[in-house]
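Q: Enclosed is the structure file protein-v8.txt (compact mmCIF, C-alpha atoms and all ligand atoms).
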```txt
# COMPACT_ATOMS: atom_id res chain seq x y z
CA MET A 1 -3.11 -6.51 -8.33
CA ASP A 2 -0.82 -8.96 -6.57
CA LEU A 3 -1.42 -11.62 -9.22
CA ALA A 4 -0.74 -9.12 -12.00
CA ALA A 5 2.42 -8.00 -10.22
CA ALA A 6 3.44 -11.66 -10.05
CA GLY A 7 3.10 -11.93 -13.82
CA GLN A 8 -0.29 -13.65 -13.96
CA ARG A 9 -2.82 -12.55 -16.56
CA VAL A 10 -5.69 -10.82 -14.78
CA ALA A 11 -9.00 -9.50 -16.10
CA MET A 12 -10.73 -6.65 -14.27
CA VAL A 13 -14.42 -6.05 -14.92
CA GLU A 14 -15.57 -2.48 -14.27
CA ARG A 15 -18.89 -0.88 -15.21
CA GLY A 16 -17.79 2.61 -14.19
CA MET A 17 -14.46 4.36 -13.88
CA ILE A 18 -11.32 2.45 -13.00
CA GLY A 19 -10.40 3.11 -9.39
CA GLY A 20 -13.87 2.81 -7.90
CA THR A 21 -15.67 5.10 -5.51
CA CYS A 22 -12.76 6.21 -3.35
CA ILE A 23 -10.54 7.53 -6.12
CA ASN A 24 -13.23 8.92 -8.40
CA VAL A 25 -16.02 10.33 -6.23
CA ALA A 26 -15.34 9.86 -2.53
CA CYS A 27 -12.15 9.89 -0.43
CA LEU A 28 -9.71 11.48 -2.84
CA PRO A 29 -11.90 14.24 -4.33
CA THR A 30 -13.31 15.23 -0.95
CA LYS A 31 -9.85 15.36 0.64
CA THR A 32 -8.58 17.45 -2.27
CA LEU A 33 -11.40 19.94 -1.70
CA VAL A 34 -10.83 19.91 2.07
CA ASN A 35 -7.15 20.63 1.50
CA SER A 36 -7.99 23.60 -0.74
CA ALA A 37 -10.37 24.95 1.93
CA ARG A 38 -7.71 24.50 4.60
CA LEU A 39 -5.15 26.41 2.50
CA LEU A 40 -7.66 29.23 1.95
CA ALA A 41 -8.44 29.46 5.67
CA LEU A 42 -4.74 29.57 6.51
CA ALA A 43 -4.09 32.27 3.91
CA ARG A 44 -6.92 34.41 5.26
CA ARG A 45 -5.47 34.18 8.77
CA ALA A 46 -1.85 34.76 7.74
CA ALA A 47 -1.58 38.57 8.12
CA PRO A 48 -1.37 38.68 11.95
CA PHE A 49 1.57 36.29 11.68
CA GLY A 50 3.49 38.61 9.37
CA ILE A 51 2.48 37.11 6.04
CA ASP A 52 1.23 39.78 3.63
CA LEU A 53 -0.70 38.18 0.80
CA SER A 54 -1.84 41.62 -0.46
CA GLY A 55 -5.58 41.34 -0.64
CA THR A 56 -8.13 38.75 0.25
CA PRO A 57 -7.35 35.29 -1.12
CA THR A 58 -10.08 34.12 -3.46
CA VAL A 59 -11.11 30.78 -4.92
CA ASP A 60 -10.64 29.79 -8.56
CA ILE A 61 -13.32 27.11 -8.52
CA ASP A 62 -12.53 25.85 -12.04
CA LEU A 63 -8.86 25.37 -11.18
CA LEU A 64 -9.82 23.76 -7.89
CA HIS A 65 -11.93 21.16 -9.68
CA ALA A 66 -9.23 20.68 -12.31
CA VAL A 67 -6.79 19.79 -9.52
CA ARG A 68 -9.33 17.38 -8.08
CA HIS A 69 -9.73 15.67 -11.48
CA GLN A 70 -5.98 15.63 -11.99
CA CYS A 71 -5.42 13.90 -8.65
CA GLY A 72 -7.94 11.22 -9.57
CA GLY A 73 -6.33 10.81 -12.97
CA GLN A 74 -2.91 10.28 -11.45
CA HIS A 75 -4.31 7.40 -9.42
CA ARG A 76 -6.28 5.91 -12.31
CA ASP A 77 -3.17 6.07 -14.48
CA GLY A 78 -0.95 4.78 -11.69
CA PRO A 79 -1.32 1.72 -9.51
CA VAL A 80 -4.87 0.92 -10.59
CA CYS A 81 -4.46 1.53 -14.30
CA PRO A 82 -4.36 -1.24 -16.87
CA GLN A 83 -0.95 -2.83 -17.27
CA PRO A 84 0.08 -5.27 -20.01
CA SER A 85 -0.76 -8.20 -17.73
CA ARG A 86 -4.16 -6.72 -16.81
CA ALA A 87 -7.10 -6.59 -19.17
CA VAL A 88 -9.88 -4.19 -18.22
CA LEU A 89 -13.30 -5.19 -19.46
CA GLY A 90 -16.05 -2.58 -19.39
CA GLY A 91 -19.48 -3.74 -18.22
CA THR A 92 -20.74 -6.16 -15.64
CA PRO A 93 -19.82 -9.79 -15.06
CA GLY A 94 -22.23 -12.48 -16.20
C1 LIG B 1 -17.90 11.14 0.29
C2 LIG B 1 -17.15 9.90 0.73
C3 LIG B 1 -15.91 10.05 1.35
C4 LIG B 1 -15.21 8.92 1.77
N1 LIG B 1 -14.01 9.10 2.37
C5 LIG B 1 -13.34 8.03 2.83
C6 LIG B 1 -12.09 8.17 3.49
O1 LIG B 1 -11.59 9.28 3.67
N2 LIG B 1 -11.46 7.06 3.92
C7 LIG B 1 -11.97 5.82 3.74
O2 LIG B 1 -11.35 4.84 4.17
N3 LIG B 1 -13.16 5.64 3.09
C8 LIG B 1 -13.85 6.71 2.65
N4 LIG B 1 -15.03 6.52 2.01
C9 LIG B 1 -15.52 5.17 1.80
C10 LIG B 1 -14.82 4.53 0.59
O3 LIG B 1 -15.04 5.31 -0.59
C11 LIG B 1 -15.36 3.12 0.39
O4 LIG B 1 -15.24 2.42 1.59
C12 LIG B 1 -14.57 2.39 -0.68
O5 LIG B 1 -14.61 3.10 -1.90
C13 LIG B 1 -15.13 0.99 -0.86
O6 LIG B 1 -14.27 0.36 -1.79
P1 LIG B 1 -14.75 -0.87 -2.59
O7 LIG B 1 -13.58 -1.31 -3.43
O8 LIG B 1 -15.38 -1.86 -1.67
O9 LIG B 1 -15.95 -0.37 -3.53
P2 LIG B 1 -15.92 0.71 -4.67
O10 LIG B 1 -14.80 1.71 -4.50
O11 LIG B 1 -17.30 1.26 -4.77
O12 LIG B 1 -15.55 -0.10 -5.97
C14 LIG B 1 -16.45 -1.01 -6.53
C15 LIG B 1 -16.27 -0.90 -8.03
O13 LIG B 1 -16.92 -2.02 -8.62
C16 LIG B 1 -17.71 -1.58 -9.69
N5 LIG B 1 -18.82 -2.51 -9.78
C17 LIG B 1 -19.71 -2.79 -8.80
N6 LIG B 1 -20.56 -3.72 -9.23
C18 LIG B 1 -20.19 -4.05 -10.49
C19 LIG B 1 -20.68 -5.00 -11.45
N7 LIG B 1 -21.73 -5.79 -11.19
N8 LIG B 1 -20.05 -5.07 -12.65
C20 LIG B 1 -18.97 -4.27 -12.93
N9 LIG B 1 -18.46 -3.39 -12.05
C21 LIG B 1 -19.07 -3.29 -10.84
C22 LIG B 1 -18.15 -0.16 -9.38
O14 LIG B 1 -18.40 0.56 -10.56
C23 LIG B 1 -16.93 0.37 -8.62
O15 LIG B 1 -16.00 1.00 -9.50
C24 LIG B 1 -15.74 7.61 1.56
C25 LIG B 1 -16.99 7.47 0.93
C26 LIG B 1 -17.69 8.60 0.53
C27 LIG B 1 -19.04 8.41 -0.15
```
The structure in this file should be written as structure tokens.

A:
Amino acid sequence: MDLAAAGQRVAMVERGMIGGTCINVACLPTKTLVNSARLLALARRAAPFGIDLSGTPTVDIDLLHAVRHQCGGQHRDGPVCPQPSRAVLGGTPG
């Protein structure tokens, strides 16, 4: 990344999804799900504090996973995405 930022031509070899484990299947998706669960728990405990959410908050699981995918996509398309000075080669080295 630093070499590409410095204008060097860089080739990245990736057999899976750009961004690796953390962005695609580990840290980021799990934290997105944890944040959704935290928001739900807060909403369910809001009434005694004067917040009327009119009914029991429910989970839209499809939307929840869409948000998770969207967050990953923003990272893949952001700092780790291919730039003109970076070529991404699918497969394995050697
Ligand atoms: C559920 C879960 C939650 C986590 N949460 C956190 C967290 O909150 N905070 C934290 O710090 N860490 C967390 N981790 C750990 C974190 O995901 C890893 O430490 C981190 O992803 C390791 O980064 P890496 O670049 O070494 O490897 P990876 O992210 O695995 O990247 C390696 C990449 O190289 C590619 N690759 C490997 N071999 C080849 C090959 N021969 N040819 C081509 N491509 C290849 C792989 O496809 C992959 O994309 C979590 C892990 C899990 C499983």

Q: Sorted by chain and rising residue number, which residues of chain A lie within 12 Å of ligand LIG 1 (chain B), and what are their closest atom pairs and distances in Å to one decimal, counting only C-alpha atoms and all ligand atoms, as JSON lines?

A:
```
{"residue": "A:Ala11", "atom": "CA", "partner": "B:LIG1", "partner_atom": "C20", "distance": 11.7}
{"residue": "A:Met12", "atom": "CA", "partner": "B:LIG1", "partner_atom": "N9", "distance": 8.7}
{"residue": "A:Val13", "atom": "CA", "partner": "B:LIG1", "partner_atom": "C20", "distance": 5.3}
{"residue": "A:Glu14", "atom": "CA", "partner": "B:LIG1", "partner_atom": "N9", "distance": 3.8}
{"residue": "A:Arg15", "atom": "CA", "partner": "B:LIG1", "partner_atom": "N9", "distance": 4.1}
{"residue": "A:Gly16", "atom": "CA", "partner": "B:LIG1", "partner_atom": "O14", "distance": 4.2}
{"residue": "A:Met17", "atom": "CA", "partner": "B:LIG1", "partner_atom": "O15", "distance": 5.7}
{"residue": "A:Ile18", "atom": "CA", "partner": "B:LIG1", "partner_atom": "O15", "distance": 6.0}
{"residue": "A:Gly19", "atom": "CA", "partner": "B:LIG1", "partner_atom": "O15", "distance": 6.0}
{"residue": "A:Gly20", "atom": "CA", "partner": "B:LIG1", "partner_atom": "O15", "distance": 3.2}
{"residue": "A:Thr21", "atom": "CA", "partner": "B:LIG1", "partner_atom": "O10", "distance": 3.6}
{"residue": "A:Cys22", "atom": "CA", "partner": "B:LIG1", "partner_atom": "O3", "distance": 3.7}
{"residue": "A:Ile23", "atom": "CA", "partner": "B:LIG1", "partner_atom": "O5", "distance": 7.3}
{"residue": "A:Asn24", "atom": "CA", "partner": "B:LIG1", "partner_atom": "O10", "distance": 8.3}
{"residue": "A:Val25", "atom": "CA", "partner": "B:LIG1", "partner_atom": "C1", "distance": 6.8}
{"residue": "A:Ala26", "atom": "CA", "partner": "B:LIG1", "partner_atom": "C2", "distance": 3.7}
{"residue": "A:Cys27", "atom": "CA", "partner": "B:LIG1", "partner_atom": "N1", "distance": 3.5}
{"residue": "A:Leu28", "atom": "CA", "partner": "B:LIG1", "partner_atom": "O1", "distance": 7.1}
{"residue": "A:Pro29", "atom": "CA", "partner": "B:LIG1", "partner_atom": "C3", "distance": 8.1}
{"residue": "A:Thr30", "atom": "CA", "partner": "B:LIG1", "partner_atom": "C3", "distance": 6.2}
{"residue": "A:Lys31", "atom": "CA", "partner": "B:LIG1", "partner_atom": "O1", "distance": 7.0}
{"residue": "A:Thr32", "atom": "CA", "partner": "B:LIG1", "partner_atom": "O1", "distance": 10.5}
{"residue": "A:Leu33", "atom": "CA", "partner": "B:LIG1", "partner_atom": "C1", "distance": 11.1}
{"residue": "A:Val34", "atom": "CA", "partner": "B:LIG1", "partner_atom": "O1", "distance": 10.8}
{"residue": "A:Arg76", "atom": "CA", "partner": "B:LIG1", "partner_atom": "O15", "distance": 11.2}
{"residue": "A:Val80", "atom": "CA", "partner": "B:LIG1", "partner_atom": "O15", "distance": 11.2}
{"residue": "A:Val88", "atom": "CA", "partner": "B:LIG1", "partner_atom": "C20", "distance": 10.5}
{"residue": "A:Leu89", "atom": "CA", "partner": "B:LIG1", "partner_atom": "C20", "distance": 8.7}
{"residue": "A:Gly90", "atom": "CA", "partner": "B:LIG1", "partner_atom": "C20", "distance": 7.3}
{"residue": "A:Gly91", "atom": "CA", "partner": "B:LIG1", "partner_atom": "C20", "distance": 5.3}
{"residue": "A:Thr92", "atom": "CA", "partner": "B:LIG1", "partner_atom": "N8", "distance": 3.3}
{"residue": "A:Pro93", "atom": "CA", "partner": "B:LIG1", "partner_atom": "N8", "distance": 5.3}
{"residue": "A:Gly94", "atom": "CA", "partner": "B:LIG1", "partner_atom": "N7", "distance": 8.4}
```

Q: Around all the atoms of segment 22-35 of chain A listed in the file, with 4 Å of room on each side, what axis-aligned box do you get, giving centre and edge lengths in Å to one decimal, as AutoDock Vina command-line options?

A:
```
--center_x -11.6 --center_y 13.4 --center_z -3.2 --size_x 16.9 --size_y 22.4 --size_z 18.5
```

Q: Between atom CA of Leu39 of chain A and atom CA of Thr56 of chain A, measure the distance and give it in Å to one decimal.

A: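 For atom CA of Leu39 of chain A relative to atom CA of Thr56 of chain A, the distance reads 12.9 Å.
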
Q: Please measure the separation of atom CA of Asp60 of chain A and atom CA of Gly73 of chain A, giving the value in Å to one decimal.

A: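 A separation of 20.0 Å between them.
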
Q: Do you have the atom CA of Ala41 of chain A-atom CA of Pro57 of chain A distance handy?

A: 9.0 Å

Q: May I ask which of the residues A:Asp2, A:Gly7, A:Pro48, A:Ser36 is the closest one to Ala66 of chain A, counting only C-alpha atoms?

A: A:Ser36
